[in-house]
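Asks: If it helps, the file is called upload-v5.txt and holds compact mmCIF, C-alpha atoms:
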```
# COMPACT_ATOMS: atom_id res chain seq x y z
CA MET A 4 118.96 116.96 118.29
CA GLU A 5 116.01 118.89 116.93
CA HIS A 6 112.85 118.71 118.95
CA LEU A 7 109.91 117.32 117.00
CA LYS A 8 106.39 118.62 117.47
CA VAL A 9 102.95 118.17 115.98
CA VAL A 10 101.29 120.92 113.95
CA LYS A 11 97.86 119.97 112.66
CA ASN A 12 98.36 116.65 110.84
CA ARG A 13 102.12 116.81 110.48
CA ILE A 14 105.17 116.04 112.57
CA ILE A 15 107.62 118.86 112.01
CA ASN A 16 111.17 119.78 113.03
CA THR A 17 112.38 123.11 114.34
CA LYS A 18 112.67 124.44 110.78
CA GLY A 19 109.00 123.78 110.16
CA GLN A 20 109.75 120.93 107.77
CA GLU A 21 107.66 117.78 107.82
CA PHE A 22 109.45 114.84 109.40
CA ILE A 23 108.49 111.31 108.34
CA ILE A 24 109.46 108.74 110.96
CA LYS A 25 111.19 105.76 109.36
CA GLY A 26 112.02 103.49 112.25
CA ALA A 27 113.17 100.04 113.25
CA SER A 28 111.96 98.24 116.37
CA ILE A 29 114.33 96.39 118.66
CA ILE A 30 113.17 93.69 121.06
CA ASP A 31 113.33 94.39 124.79
CA PRO A 32 117.06 94.61 125.64
CA ALA A 33 116.64 92.68 128.90
CA LEU A 34 114.78 89.85 127.16
CA VAL A 35 117.34 89.72 124.37
CA ARG A 36 120.13 89.47 126.91
CA SER A 37 118.51 86.71 128.98
CA ARG A 38 116.90 84.69 126.19
CA ASP A 39 119.18 85.27 123.21
CA LYS A 40 122.45 85.95 125.03
CA HIS A 41 122.92 89.14 123.06
CA THR A 42 123.51 92.67 124.32
CA TYR A 43 122.67 95.61 122.10
CA THR A 44 125.87 97.52 121.51
CA LYS A 45 126.86 100.66 119.66
CA ASN A 46 127.48 98.49 116.62
CA ASP A 47 123.84 97.33 116.55
CA ILE A 48 122.50 100.88 116.71
CA GLU A 49 125.07 102.02 114.14
CA GLN A 50 123.92 99.27 111.79
CA ILE A 51 120.33 100.48 112.16
CA LYS A 52 121.49 103.98 111.23
CA LYS A 53 123.49 102.63 108.27
CA PHE A 54 120.36 100.88 107.09
CA GLY A 55 118.92 104.36 106.67
CA PHE A 56 116.48 104.50 109.59
CA ASN A 57 116.00 107.76 111.50
CA THR A 58 114.32 106.26 114.58
CA VAL A 59 114.86 103.32 116.93
CA LYS A 60 111.84 101.92 118.75
CA ILE A 61 112.61 100.15 122.04
CA VAL A 62 109.99 97.49 122.75
CA ILE A 63 109.70 97.25 126.54
CA VAL A 64 108.21 93.91 127.56
CA PRO A 65 106.33 94.51 130.84
CA SER A 66 107.55 91.28 132.46
CA MET A 67 111.17 92.32 132.03
CA TRP A 68 110.57 95.77 133.52
CA GLU A 69 108.96 94.15 136.55
CA ALA A 70 111.63 91.44 136.92
CA GLU A 71 114.72 93.63 136.53
CA LYS A 72 115.77 96.05 139.25
CA ASP A 73 116.81 99.44 137.85
CA TYR A 74 115.52 98.37 134.44
CA ALA A 75 115.59 101.82 132.83
CA LYS A 76 119.11 102.56 134.05
CA LYS A 77 120.49 99.24 132.83
CA PHE A 78 118.62 98.72 129.59
CA ILE A 79 117.00 101.92 128.32
CA ASP A 80 119.51 104.61 129.27
CA PRO A 81 122.35 103.14 127.14
CA ILE A 82 120.19 103.01 124.01
CA VAL A 83 118.73 106.47 124.61
CA LYS A 84 122.31 107.74 124.86
CA LEU A 85 123.48 105.90 121.74
CA CYS A 86 120.54 107.18 119.73
CA LYS A 87 121.35 110.73 120.74
CA GLU A 88 125.02 110.29 119.81
CA LEU A 89 124.08 108.88 116.41
CA GLY A 90 121.35 111.41 115.65
CA LEU A 91 118.46 108.96 115.89
CA TYR A 92 115.09 109.54 117.52
CA CYS A 93 114.26 107.09 120.29
CA TRP A 94 110.70 105.80 120.49
CA ILE A 95 109.89 104.00 123.75
CA ASP A 96 107.04 101.51 123.57
CA TRP A 97 105.29 100.09 126.66
CA HIS A 98 104.52 96.82 124.89
CA ALA A 99 101.49 95.67 126.87
CA HIS A 100 98.71 93.62 125.26
CA GLY A 101 95.17 93.36 126.56
CA ASN A 102 92.43 95.41 128.13
CA PRO A 103 93.88 97.84 130.68
CA ILE A 104 90.44 99.03 131.72
CA ASN A 105 89.66 95.74 133.46
CA ASN A 106 93.28 94.55 133.73
CA GLU A 107 92.89 91.60 131.36
CA THR A 108 96.21 90.54 129.84
CA ARG A 109 96.49 88.77 126.50
CA ARG A 110 98.28 85.42 126.64
CA PRO A 111 98.48 85.11 130.44
CA ASP A 112 100.26 81.80 129.84
CA LEU A 113 103.38 83.66 128.73
CA LEU A 114 105.54 84.34 131.76
CA ASP A 115 109.07 85.63 132.24
CA ASN A 116 110.53 85.11 135.71
CA GLY A 117 106.98 84.67 137.00
CA PHE A 118 105.69 87.94 135.53
CA LEU A 119 103.12 88.35 132.76
CA ARG A 120 104.97 89.08 129.52
CA TYR A 121 102.26 91.41 128.22
CA ASP A 122 101.00 92.65 131.60
CA ALA A 123 98.05 94.93 130.83
CA ARG A 124 97.39 96.25 134.32
CA LYS A 125 96.65 99.95 134.16
CA GLU A 126 98.32 100.70 137.50
CA ILE A 127 101.67 99.40 136.25
CA ALA A 128 101.36 101.11 132.87
CA LYS A 129 100.62 104.48 134.48
CA LYS A 130 103.50 104.13 136.94
CA VAL A 131 105.97 103.21 134.18
CA LEU A 132 104.84 105.96 131.82
CA ILE A 133 105.21 108.61 134.51
CA SER A 134 108.64 107.21 135.36
CA LEU A 135 109.75 107.40 131.72
CA ALA A 136 108.34 110.91 131.32
CA LYS A 137 110.27 112.13 134.34
CA ARG A 138 113.46 110.33 133.42
CA TYR A 139 113.75 111.60 129.85
CA ASN A 140 112.04 114.97 130.08
CA LYS A 141 115.20 116.87 129.10
CA GLU A 142 115.83 114.79 125.98
CA ASN A 143 114.63 116.19 122.64
CA HIS A 144 114.76 112.87 120.80
CA ILE A 145 112.26 110.84 122.86
CA ILE A 146 108.82 109.69 121.68
CA LEU A 147 106.53 107.74 124.03
CA GLU A 148 104.02 105.04 123.10
CA LEU A 149 101.39 104.61 125.82
CA PHE A 150 100.26 101.02 125.46
CA ALA A 151 101.00 98.98 122.37
CA ASN A 152 97.95 96.81 121.95
CA PRO A 153 94.63 97.73 123.61
CA LEU A 154 92.34 94.73 123.07
CA GLY A 155 88.68 94.71 124.04
CA PRO A 156 87.68 98.31 124.75
CA SER A 157 85.98 100.56 122.24
CA TRP A 158 87.79 103.72 121.19
CA ASN A 159 85.66 105.85 123.53
CA GLU A 160 86.43 103.56 126.47
CA TRP A 161 90.15 103.44 125.67
CA LYS A 162 90.25 107.20 125.13
CA VAL A 163 89.16 107.92 128.72
CA LEU A 164 92.06 105.96 130.19
CA ALA A 165 94.57 107.11 127.60
CA GLN A 166 93.59 110.73 128.29
CA GLU A 167 94.22 110.21 131.99
CA TRP A 168 97.72 108.91 131.26
CA VAL A 169 98.47 111.69 128.77
CA ASP A 170 97.46 114.32 131.33
CA GLU A 171 99.83 112.76 133.88
CA ILE A 172 102.70 112.55 131.37
CA ARG A 173 102.21 116.18 130.41
CA LYS A 174 103.11 117.24 133.95
CA TYR A 175 106.70 116.22 133.13
CA THR A 176 107.37 116.27 129.39
CA THR A 177 106.21 117.80 126.10
CA ALA A 178 107.47 114.80 124.09
CA ILE A 179 105.31 113.41 121.31
CA ILE A 180 102.97 110.69 122.57
CA SER A 181 101.62 107.91 120.35
CA ILE A 182 98.16 106.47 121.06
CA SER A 183 97.41 103.03 119.58
CA GLY A 184 94.18 102.21 117.85
CA VAL A 185 91.99 99.51 119.36
CA ASN A 186 91.36 95.92 118.25
CA TRP A 187 94.92 94.79 117.54
CA MET A 188 96.04 98.34 116.77
CA SER A 189 93.83 98.14 113.68
CA ASP A 190 91.04 100.64 114.26
CA LEU A 191 91.09 104.41 114.74
CA ASN A 192 87.33 104.74 114.29
CA GLY A 193 86.14 107.36 116.77
CA VAL A 194 89.34 109.40 116.94
CA VAL A 195 88.11 112.24 114.74
CA LYS A 196 84.93 112.74 116.80
CA ASN A 197 86.58 112.08 120.15
CA PRO A 198 90.33 112.80 119.97
CA ILE A 199 92.86 112.86 122.76
CA LYS A 200 93.12 116.40 124.09
CA GLY A 201 96.52 118.06 124.25
CA ASN A 202 99.54 118.91 122.16
CA ASN A 203 101.98 116.64 120.35
CA ILE A 204 99.62 113.69 120.01
CA ILE A 205 99.91 111.14 117.20
CA TYR A 206 98.02 107.92 116.51
CA GLY A 207 99.32 104.45 115.72
CA VAL A 208 98.15 101.33 113.90
CA ALA A 209 99.82 98.07 112.89
CA LEU A 210 99.76 96.86 109.30
CA TYR A 211 100.77 93.26 108.59
CA PRO A 212 99.80 90.94 105.71
CA GLY A 213 97.26 89.10 107.86
CA PHE A 214 95.77 92.18 109.54
CA GLU A 215 92.40 93.64 108.65
CA ILE A 216 92.66 97.33 109.44
CA ASN A 217 90.04 100.04 109.18
CA LYS A 218 91.65 102.03 106.37
CA LYS A 219 88.72 104.41 106.11
CA ALA A 220 89.13 105.45 109.76
CA LEU A 221 92.89 105.65 109.33
CA LEU A 222 92.62 108.00 106.36
CA GLU A 223 89.96 110.14 108.07
CA THR A 224 92.24 110.45 111.10
CA ARG A 225 95.23 111.23 108.85
CA LYS A 226 93.43 114.32 107.50
CA LYS A 227 93.49 115.86 110.99
CA TYR A 228 96.36 114.18 112.87
CA PRO A 229 99.65 112.40 112.20
CA VAL A 230 99.27 108.63 111.89
CA VAL A 231 102.17 106.21 112.26
CA ILE A 232 102.26 102.57 111.17
CA THR A 233 103.86 101.46 114.43
CA GLU A 234 104.41 97.85 113.31
CA CYS A 235 104.76 96.46 109.79
CA GLY A 236 106.55 93.82 107.77
CA PHE A 237 106.35 90.33 106.32
CA ILE A 238 108.00 86.95 106.46
CA GLU A 239 107.50 84.17 103.93
CA GLU A 240 106.81 81.48 106.53
CA SER A 241 105.69 82.24 110.08
CA THR A 242 105.13 80.15 113.19
CA ASP A 243 102.42 82.40 114.58
CA GLU A 244 98.98 80.81 114.77
CA GLY A 245 97.10 83.04 112.39
CA GLY A 246 99.77 83.61 109.78
CA VAL A 247 99.60 87.30 110.58
CA PHE A 248 103.09 88.01 109.26
CA GLU A 249 103.03 85.74 106.21
CA GLY A 250 103.50 87.54 102.92
CA ASN A 251 106.08 88.58 100.38
CA VAL A 252 107.18 91.53 98.27
CA LYS A 253 104.48 91.01 95.65
CA SER A 254 101.56 90.30 97.98
CA TYR A 255 102.38 92.87 100.68
CA ALA A 256 105.45 95.10 100.41
CA ILE A 257 104.74 96.82 97.09
CA SER A 258 101.21 97.83 98.13
CA PHE A 259 102.48 98.81 101.58
CA LYS A 260 104.99 101.22 100.04
CA LYS A 261 102.35 102.74 97.81
CA PHE A 262 100.01 103.21 100.77
CA VAL A 263 102.53 104.94 103.06
CA ASP A 264 104.00 107.07 100.26
CA THR A 265 100.60 108.20 98.95
CA ASN A 266 99.37 109.17 102.41
CA LYS A 267 102.70 110.44 103.79
CA LEU A 268 102.59 108.02 106.70
CA SER A 269 105.41 107.52 109.16
CA TRP A 270 106.22 103.88 109.86
CA ILE A 271 108.29 101.61 112.09
CA ALA A 272 109.49 98.27 110.74
CA TRP A 273 109.25 95.12 112.82
CA VAL A 274 111.95 94.08 113.81
CA TYR A 275 115.77 94.40 114.01
CA HIS A 276 116.22 90.94 115.48
CA PRO A 277 116.75 87.51 113.89
CA PHE A 278 113.67 85.91 115.44
CA GLY A 279 111.11 88.16 117.06
CA LEU A 280 109.30 88.50 120.35
CA THR A 281 107.12 85.41 120.73
CA SER A 282 106.90 83.81 117.29
CA LYS A 283 108.89 83.95 114.08
CA ALA A 284 107.93 87.35 112.79
CA SER A 285 108.79 89.95 110.18
CA VAL A 286 112.49 90.25 110.92
CA LEU A 287 114.86 92.66 109.18
CA ILE A 288 117.90 90.44 109.74
CA ASN A 289 118.31 86.66 109.69
CA SER A 290 121.18 86.63 112.19
CA TRP A 291 123.16 89.10 114.26
CA ASP A 292 125.44 89.46 111.25
CA SER A 293 124.08 92.73 109.89
CA LYS A 294 124.93 91.65 106.33
CA ASN A 295 122.51 88.72 106.60
CA ILE A 296 119.43 90.72 105.68
CA SER A 297 115.98 89.18 105.25
CA ASN A 298 113.81 89.77 102.19
CA TRP A 299 111.75 92.22 104.25
CA GLY A 300 114.96 93.95 105.30
CA LYS A 301 116.16 94.16 101.70
CA PHE A 302 112.89 95.71 100.58
CA VAL A 303 113.00 98.25 103.40
CA LYS A 304 116.59 99.19 102.65
CA GLU A 305 116.22 99.38 98.87
CA LYS A 306 112.69 100.73 98.46
CA LEU A 307 111.48 102.41 101.66
CA LEU A 308 114.56 104.21 102.98
```
As structure tokens, what does this structure read like?
Replies:
Amino acid sequence: MEHLKVVKNRIINTKGQEFIIKGASIIDPALVRSRDKHTYTKNDIEQIKKFGFNTVKIVIVPSMWEAEKDYAKKFIDPIVKLCKELGLYCWIDWHAHGNPINNETRRPDLLDNGFLRYDARKEIAKKVLISLAKRYNKENHIILELFANPLGPSWNEWKVLAQEWVDEIRKYTTAIISISGVNWMSDLNGVVKNPIKGNNIIYGVALYPGFEINKKALLETRKKYPVVITECGFIEESTDEGGVFEGNVKSYAISFKKFVDTNKLSWIAWVYHPFGLTSKASVLINSWDSKNISNWGKFVKEKLL
């Protein structure tokens, strides 16, 4: 597969053409196997490709990495291989939530096999990221996401730690690295004045119906660097506490499409799974029958891809 790289504010392929990431997230394969009794197979990844996506994002839940021996070999390697066979880029997301600077994890009540689901400890994150960088350093189709949801630190505080991790990763791979904005992946304020140093760096934010994002900072960052909407989508009725995902085509999807098209933003849809990670979320499918597509999935397939 063609190696992607960053030139100024664009992601480009080897021909120098701009590449817009249009991805679908999949829930942690180990969690899906243990909780949902489903194993991602070639058929699942093929269905994602048939949808029209060009990228698969693997959401690694920290608790599952810690609980499962040889996690990467058993759960990540097969999907990395399938993506390569099918011509899809593979985005690997260390899906931690919290403040890694002081090791505060969001929702410490959520445990899997005795481990924190969203374990935010910086020592573990650094160890895992280096491991992934070493393991997949010969693969052209890998993109790494440092830490999904930094909560609590300011951009300048988060940047110091993120820079440390980027510098370590760069000892082993030149793969594109995505850095999340702070405050629920909503705010890139500070990036332009104090960016991550190095090559092949992109920035990520989440955009859901119930999210308040700093669009001004996003657009200022977009002028200088690639920005990816790393999570997006809607569901008509959600079980999450704040109604973050609740929306519909009229109230959310149409304006979302206009926003990403106008600003040439890459995006990754949440989520190719019939339920979600913790609460009923913006799913692309209503069941493992790939023909049973949600309203969000239909909009993505018909209007975004």
Asks: Within 6 Å of (107.8, 97.1, 121.6) (coordinates as in the file), grab all the protein and nucleic acid residues, counting all atoms listed in the file, and write them out as a ChimeraX atom specification.
Replies: /A:61-63,96,98
Asks: With all atoms listed in the file as the basis for distance, which of A:Trp97, A:Asp112, A:Asn192, A:Thr176 is at the shortest distance from A:Lys218?
Replies: A:Asn192
Asks: Between A:Trp187, A:Trp299, A:Trp161, A:Phe259, which has the minimum distance to A:Pro277 (counting all atoms listed in the file)?
Replies: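 Answer, going by the shortest atom-to-atom distance: A:Trp299.
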Asks: Could you check the closest approach to A:Tyr211 for each of A:Ala284, A:Ile29, A:Ile15, A:Leu132 and tell me which residue wins, using all atoms listed in the file?
Replies: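 Among the listed residues, the smallest separation from A:Tyr211 belongs to A:Ala284.
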Asks: Once 4 Å is added on each side, what centre and edge lengths in Å to one decimal does the axis-aligned box around all listed atoms of stretch 203-207 of chain A have, as lines of an AutoDock Vina configuration file?
Replies:
```
center_x = 100.0
center_y = 110.5
center_z = 118.0
size_x = 12.0
size_y = 20.2
size_z = 12.6
```
Asks: Report, in Å with one decimal, the straight-line distance from atom CA of A:Thr17 to atom CA of A:Glu49.
Replies: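 The value is 24.6 Å.
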Asks: Between A:Ala178, A:Val247, A:Ile238, A:Val195, which is the closest to A:Asn289 once you count all atoms listed in the file?
Replies: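 Among the listed residues, the smallest separation from A:Asn289 belongs to A:Ile238.
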Asks: Could you state the separation of atom CA of A:Asn116 and atom CA of A:Lys130 in Å, given to one decimal place?
Replies: 20.3 Å
Asks: Which polymer residues have any atom within 9 Å of an atom of A:Gly184, counting all atoms listed in the file, with same-chain residues fewer than 5 positions away left out, as a ChimeraX atom specification?
Replies: /A:151-153,158,161,189-192,194,206-209
Asks: Please determine, counting only C-alpha atoms, which residue among A:Leu119, A:Ile182, A:Ile51, A:Leu34 has the shortest atom-to-atom distance to A:Cys86.
Replies: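 The shortest atom-to-atom distance to A:Cys86 comes from A:Ile51.
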